[in-house]
Structures are given as structure tokens and as C-alpha cells.
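Asks: After the C-alpha cells below, expect a handful of questions from me.
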Amino acid sequence: MQHAIALARCAEADGEVPVGALIVQEGRVLGEGWNRPICDNDPSAHAEIVALRAAAQQLRNYRLAGSTLYVTLEPCIMCTGAMVHARVERLVFGAYDVKRGAAGSQFNAFALPGLNHQVKVTGGVLERECAELLQAFFRQRRE
């Protein structure tokens, strides 16, 4: 999660909401990314999607079985859907997103009936550090 926080700082340096993500499989980082929707003019360029794309390119396979996605903020519905399609085994996130979180806060997208893949979820890892990074970013923007 420390590495995800460092990636979130890259997003912050770009003027993006500071969220960072990485995909690990068997102890090896397959892909990483940070929020880029403003820089890329792409509403789908969330940190998780950027990391998923990089990992899929690295493996030359969109299926990321046996992988863990680490991210500093609870994913939205788009990102949870992408994780299911990619067959990510486990999600580990930092701060909860009570407004848009789709891994338990607003609802749990991974528990929807009929899904052919389940993602194991662990939330609140380094929650304080991840939340403080986001809070400081938005506090500075309001000033």
C-alpha cells in the first residue's frame, strides 16, 4: 500500500485526485497507475483501470488470475466491474469512499447475483494515510 500511496502522489503532482493503484501477482508488480482522467481527457482513466491495462499488457492477457489490486481509495462501480472481468483475485484498498464506493460503502458490486467471479476484499489498509492524502488535496483546492 505504501507503493500505491507513492503513485497517488504522482496523480497529485499532475493536478489529479490523488489515487494510486498497482497489480501484484506472485510478488511481482505487473502494472501500476494513478488517476489520469484530466490529463488524458478520459473519464475511464482511474488509477485502477490504468493499472489493469498495464498489467494486461505485461502479461499479454486481459485475465489477471491470481493477482491482487492495491489502491488507495475504495473503487467505483466501473473499476469493480473491470476487476471482475479481469478475474482479479483480491482487492486491497485504503480509504473508504462513502459517496461512490462500490466495494462495500455505497454497495458491494462484488456481491451482485449472477457474477461468474468473486473478488476477495480487504478495506481500510493504511486508511488514515490514504484518507489524509485525499483530504489535504481537496482542502487545498477549496482554498
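Each chain of the C-alpha cells is named A, B, ... in the order shown, its residues numbered from 1; ligands are numbered from 1 in display order.
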Write out as a ChimeraX atom specification the set of residues from chain A that DSSP, computed on the backbone, places in helix (DSSP H, G or I).
Replies: /A:2-13,37-40,47-59,77-86,109-111,127-142
Asks: I'd like the contact shell of Tyr62 in chain A - 10 Å cut-off, only C-alpha atoms, skipping same-chain residues fewer than 3 positions apart - returned as a PDB file with N, CA and C atoms, in the first residue's frame.
Replies:
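Once everything was written out, this is result-v2.pdb:
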ATOM      1  N   LEU A  52      -4.763  -1.884 -14.375  1.00  0.00           N
ATOM      2  CA  LEU A  52      -5.262  -3.101 -15.028  1.00  0.00           C
ATOM      3  C   LEU A  52      -4.778  -3.186 -16.475  1.00  0.00           C
ATOM      4  N   ARG A  53      -4.845  -2.072 -17.186  1.00  0.00           N
ATOM      5  CA  ARG A  53      -4.385  -2.054 -18.573  1.00  0.00           C
ATOM      6  C   ARG A  53      -2.894  -2.385 -18.670  1.00  0.00           C
ATOM      7  N   ALA A  54      -2.106  -1.785 -17.789  1.00  0.00           N
ATOM      8  CA  ALA A  54      -0.655  -2.025 -17.810  1.00  0.00           C
ATOM      9  C   ALA A  54      -0.345  -3.491 -17.488  1.00  0.00           C
ATOM     10  N   ALA A  55      -1.053  -4.055 -16.520  1.00  0.00           N
ATOM     11  CA  ALA A  55      -0.820  -5.460 -16.150  1.00  0.00           C
ATOM     12  C   ALA A  55      -1.211  -6.389 -17.294  1.00  0.00           C
ATOM     13  N   ALA A  56      -2.331  -6.114 -17.936  1.00  0.00           N
ATOM     14  CA  ALA A  56      -2.776  -6.946 -19.056  1.00  0.00           C
ATOM     15  C   ALA A  56      -1.771  -6.892 -20.209  1.00  0.00           C
ATOM     16  N   GLN A  57      -1.225  -5.715 -20.462  1.00  0.00           N
ATOM     17  CA  GLN A  57      -0.204  -5.583 -21.500  1.00  0.00           C
ATOM     18  C   GLN A  57       1.047  -6.379 -21.122  1.00  0.00           C
ATOM     19  N   GLN A  58       1.432  -6.285 -19.863  1.00  0.00           N
ATOM     20  CA  GLN A  58       2.621  -7.003 -19.385  1.00  0.00           C
ATOM     21  C   GLN A  58       2.461  -8.507 -19.573  1.00  0.00           C
ATOM     22  N   LEU A  59       1.274  -9.030 -19.244  1.00  0.00           N
ATOM     23  CA  LEU A  59       1.021 -10.467 -19.363  1.00  0.00           C
ATOM     24  C   LEU A  59       0.581 -10.889 -20.764  1.00  0.00           C
ATOM     25  N   ALA A  65      -5.691 -13.625 -13.419  1.00  0.00           N
ATOM     26  CA  ALA A  65      -5.963 -14.602 -12.357  1.00  0.00           C
ATOM     27  C   ALA A  65      -4.807 -14.646 -11.363  1.00  0.00           C
ATOM     28  N   HIS A  85     -14.138  -8.609 -14.627  1.00  0.00           N
ATOM     29  CA  HIS A  85     -13.815  -9.065 -15.983  1.00  0.00           C
ATOM     30  C   HIS A  85     -12.368  -9.549 -16.089  1.00  0.00           C
ATOM     31  N   ALA A  86     -11.462  -8.902 -15.355  1.00  0.00           N
ATOM     32  CA  ALA A  86     -10.046  -9.274 -15.402  1.00  0.00           C
ATOM     33  C   ALA A  86      -9.732 -10.484 -14.522  1.00  0.00           C
ATOM     34  N   ARG A  87     -10.704 -10.902 -13.725  1.00  0.00           N
ATOM     35  CA  ARG A  87     -10.528 -12.041 -12.806  1.00  0.00           C
ATOM     36  C   ARG A  87      -9.481 -11.766 -11.733  1.00  0.00           C
TER      37      ARG A  87
END
Asks: Using only C-alpha atoms, pick whichever of A:Lys99, A:Val92, A:Ser67, A:Gly104 has the shortest atom-to-atom distance to Thr122 in chain A.
Replies: A:Val92
Asks: What lies within 10 Å of Val29 in chain A using only C-alpha atoms, ignoring chain neighbours under 3 positions off, as a PyMOL selection string?
Replies: chain A and resi 22-26+32+51+55+58+67-69
Asks: Which value, in Å to one decimal, gives the distance between CA of Cys130 in chain A and CA of His117 in chain A?
Replies: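 A separation of 27.7 Å between them.
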Asks: Give me, as a PyMOL selection string, all polymer residues having an atom no more than 12 Å from Leu112 in chain A, counting only C-alpha atoms and skipping those fewer than 4 positions away in the same chain.
Replies: chain A and resi 77+80-81+84+102-104+107-108+116-119
Asks: Can I get the selected residues back with all heavy atoms, as a PDB file, in the first residue's frame?
Replies:
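Produced file result-v4.pdb, reproduced below:
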ATOM      1  N   ILE A  77     -17.962   1.767  -9.228  1.00  0.00           N
ATOM      2  CA  ILE A  77     -18.628   0.668  -9.933  1.00  0.00           C
ATOM      3  C   ILE A  77     -17.915   0.304 -11.237  1.00  0.00           C
ATOM      4  O   ILE A  77     -17.802  -0.877 -11.583  1.00  0.00           O
ATOM      5  CB  ILE A  77     -20.130   0.988 -10.168  1.00  0.00           C
ATOM      6  CG1 ILE A  77     -20.860  -0.225 -10.740  1.00  0.00           C
ATOM      7  CG2 ILE A  77     -20.314   2.185 -11.064  1.00  0.00           C
ATOM      8  CD1 ILE A  77     -21.042  -1.349  -9.778  1.00  0.00           C
ATOM      9  N   THR A  80     -14.768  -1.722 -10.200  1.00  0.00           N
ATOM     10  CA  THR A  80     -15.091  -3.052  -9.683  1.00  0.00           C
ATOM     11  C   THR A  80     -15.504  -3.972 -10.826  1.00  0.00           C
ATOM     12  O   THR A  80     -15.121  -5.141 -10.858  1.00  0.00           O
ATOM     13  CB  THR A  80     -16.181  -3.007  -8.593  1.00  0.00           C
ATOM     14  OG1 THR A  80     -17.350  -2.360  -9.103  1.00  0.00           O
ATOM     15  CG2 THR A  80     -15.689  -2.298  -7.348  1.00  0.00           C
ATOM     16  N   GLY A  81     -16.263  -3.448 -11.785  1.00  0.00           N
ATOM     17  CA  GLY A  81     -16.646  -4.248 -12.947  1.00  0.00           C
ATOM     18  C   GLY A  81     -15.441  -4.709 -13.744  1.00  0.00           C
ATOM     19  O   GLY A  81     -15.365  -5.866 -14.176  1.00  0.00           O
ATOM     20  N   VAL A  84     -13.729  -7.618 -12.011  1.00  0.00           N
ATOM     21  CA  VAL A  84     -14.429  -8.888 -12.218  1.00  0.00           C
ATOM     22  C   VAL A  84     -14.076  -9.442 -13.598  1.00  0.00           C
ATOM     23  O   VAL A  84     -13.733 -10.618 -13.734  1.00  0.00           O
ATOM     24  CB  VAL A  84     -15.956  -8.725 -12.052  1.00  0.00           C
ATOM     25  CG1 VAL A  84     -16.699  -9.971 -12.529  1.00  0.00           C
ATOM     26  CG2 VAL A  84     -16.308  -8.411 -10.601  1.00  0.00           C
ATOM     27  N   ALA A 102     -17.898   1.162  -4.307  1.00  0.00           N
ATOM     28  CA  ALA A 102     -18.673   0.009  -4.773  1.00  0.00           C
ATOM     29  C   ALA A 102     -18.109  -1.310  -4.263  1.00  0.00           C
ATOM     30  O   ALA A 102     -18.383  -2.366  -4.823  1.00  0.00           O
ATOM     31  CB  ALA A 102     -18.724   0.016  -6.301  1.00  0.00           C
ATOM     32  N   ALA A 103     -17.319  -1.241  -3.193  1.00  0.00           N
ATOM     33  CA  ALA A 103     -16.776  -2.465  -2.591  1.00  0.00           C
ATOM     34  C   ALA A 103     -17.233  -2.580  -1.138  1.00  0.00           C
ATOM     35  O   ALA A 103     -16.552  -3.183  -0.316  1.00  0.00           O
ATOM     36  CB  ALA A 103     -15.259  -2.470  -2.690  1.00  0.00           C
ATOM     37  N   GLY A 104     -18.368  -1.947  -0.839  1.00  0.00           N
ATOM     38  CA  GLY A 104     -18.930  -2.073   0.497  1.00  0.00           C
ATOM     39  C   GLY A 104     -19.521  -0.807   1.081  1.00  0.00           C
ATOM     40  O   GLY A 104     -20.436  -0.876   1.895  1.00  0.00           O
ATOM     41  N   PHE A 107     -22.450   0.256  -1.847  1.00  0.00           N
ATOM     42  CA  PHE A 107     -22.941  -1.100  -2.072  1.00  0.00           C
ATOM     43  C   PHE A 107     -21.752  -1.975  -2.410  1.00  0.00           C
ATOM     44  O   PHE A 107     -20.647  -1.479  -2.605  1.00  0.00           O
ATOM     45  CB  PHE A 107     -24.012  -1.153  -3.176  1.00  0.00           C
ATOM     46  CG  PHE A 107     -23.523  -0.728  -4.523  1.00  0.00           C
ATOM     47  CD1 PHE A 107     -23.080  -1.659  -5.442  1.00  0.00           C
ATOM     48  CD2 PHE A 107     -23.497   0.615  -4.876  1.00  0.00           C
ATOM     49  CE1 PHE A 107     -22.616  -1.266  -6.686  1.00  0.00           C
ATOM     50  CE2 PHE A 107     -23.036   1.018  -6.115  1.00  0.00           C
ATOM     51  CZ  PHE A 107     -22.590   0.068  -7.022  1.00  0.00           C
ATOM     52  N   ASN A 108     -21.977  -3.282  -2.477  1.00  0.00           N
ATOM     53  CA  ASN A 108     -20.892  -4.201  -2.787  1.00  0.00           C
ATOM     54  C   ASN A 108     -21.142  -4.820  -4.165  1.00  0.00           C
ATOM     55  O   ASN A 108     -21.896  -5.778  -4.294  1.00  0.00           O
ATOM     56  CB  ASN A 108     -20.765  -5.285  -1.721  1.00  0.00           C
ATOM     57  CG  ASN A 108     -19.556  -6.168  -1.951  1.00  0.00           C
ATOM     58  OD1 ASN A 108     -18.868  -6.060  -2.959  1.00  0.00           O
ATOM     59  ND2 ASN A 108     -19.294  -7.046  -1.011  1.00  0.00           N
ATOM     60  N   ASN A 116     -19.864 -14.364 -12.379  1.00  0.00           N
ATOM     61  CA  ASN A 116     -19.131 -15.615 -12.556  1.00  0.00           C
ATOM     62  C   ASN A 116     -17.758 -15.585 -11.903  1.00  0.00           C
ATOM     63  O   ASN A 116     -16.981 -16.517 -12.053  1.00  0.00           O
ATOM     64  CB  ASN A 116     -18.998 -15.950 -14.046  1.00  0.00           C
ATOM     65  CG  ASN A 116     -18.207 -14.893 -14.794  1.00  0.00           C
ATOM     66  OD1 ASN A 116     -17.995 -13.793 -14.297  1.00  0.00           O
ATOM     67  ND2 ASN A 116     -17.778 -15.232 -15.993  1.00  0.00           N
ATOM     68  N   HIS A 117     -17.460 -14.502 -11.183  1.00  0.00           N
ATOM     69  CA  HIS A 117     -16.170 -14.390 -10.497  1.00  0.00           C
ATOM     70  C   HIS A 117     -16.354 -13.568  -9.231  1.00  0.00           C
ATOM     71  O   HIS A 117     -17.042 -12.546  -9.246  1.00  0.00           O
ATOM     72  CB  HIS A 117     -15.128 -13.720 -11.407  1.00  0.00           C
ATOM     73  CG  HIS A 117     -13.805 -13.526 -10.751  1.00  0.00           C
ATOM     74  ND1 HIS A 117     -12.941 -14.563 -10.495  1.00  0.00           N
ATOM     75  CD2 HIS A 117     -13.201 -12.418 -10.265  1.00  0.00           C
ATOM     76  CE1 HIS A 117     -11.865 -14.102  -9.896  1.00  0.00           C
ATOM     77  NE2 HIS A 117     -11.990 -12.799  -9.747  1.00  0.00           N
ATOM     78  N   GLN A 118     -15.746 -13.982  -8.164  1.00  0.00           N
ATOM     79  CA  GLN A 118     -15.797 -13.259  -6.900  1.00  0.00           C
ATOM     80  C   GLN A 118     -14.408 -12.705  -6.580  1.00  0.00           C
ATOM     81  O   GLN A 118     -13.402 -13.391  -6.779  1.00  0.00           O
ATOM     82  CB  GLN A 118     -16.240 -14.181  -5.757  1.00  0.00           C
ATOM     83  CG  GLN A 118     -17.648 -14.718  -5.930  1.00  0.00           C
ATOM     84  CD  GLN A 118     -18.693 -13.614  -5.913  1.00  0.00           C
ATOM     85  OE1 GLN A 118     -18.668 -12.745  -5.050  1.00  0.00           O
ATOM     86  NE2 GLN A 118     -19.593 -13.641  -6.875  1.00  0.00           N
ATOM     87  N   VAL A 119     -14.371 -11.484  -6.099  1.00  0.00           N
ATOM     88  CA  VAL A 119     -13.130 -10.835  -5.699  1.00  0.00           C
ATOM     89  C   VAL A 119     -13.134 -10.744  -4.177  1.00  0.00           C
ATOM     90  O   VAL A 119     -14.102 -10.269  -3.583  1.00  0.00           O
ATOM     91  CB  VAL A 119     -13.012  -9.424  -6.319  1.00  0.00           C
ATOM     92  CG1 VAL A 119     -11.755  -8.711  -5.831  1.00  0.00           C
ATOM     93  CG2 VAL A 119     -13.029  -9.505  -7.840  1.00  0.00           C
TER      94      VAL A 119
END
Asks: In Å to one decimal, how far is CA of Glu74 in chain A from CA of Gly31 in chain A?
Replies: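 One can read the CA of Gly31 in chain A to CA of Glu74 in chain A distance as 18.1 Å.
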Asks: Could you give me, as a list in words, the residues within 9 Å of Gly20 in chain A, counting only C-alpha atoms and dropping anything in the same chain fewer than 2 positions from it?
Replies: His3, Ala4, Ile5, Ala6, Leu7, Ala8, Arg9, Cys10, Ala11, Pro18, Leu22, Glu32, Gly33, Trp34, Asn35, His46, Ala47, Glu48, Ala51, Tyr70, Val71, Thr72 and Leu73 of chain A
Asks: State, in Å with one decimal place, the distance from CA of Ala109 in chain A to CA of Ser44 in chain A.
Replies: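 Atom-to-atom, CA of Ala109 in chain A and CA of Ser44 in chain A are spaced 17.5 Å apart.
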Asks: Among the residues of chain A, find those DSSP assigns to strand (DSSP E or B) from the backbone and print them as a VMD selection string.
Replies: chain A and resid 20 to 25 28 to 34 67 to 73 90 to 95 103 108 120 to 122
Asks: From the set A:Leu134, A:Ile49, A:Met1, A:Leu91, which residue has the shortest atom-to-atom contact distance to Cys79 in chain A, counting only C-alpha atoms?
Replies: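 Looking only at the distances to Cys79 in chain A, the closest residue turns out to be A:Ile49.
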Asks: Which residue is closest to Phe138 in chain A? Choose from A:Ile38, A:Leu30, A:Gln2, A:Glu16 and count only C-alpha atoms.
Replies: A:Glu16
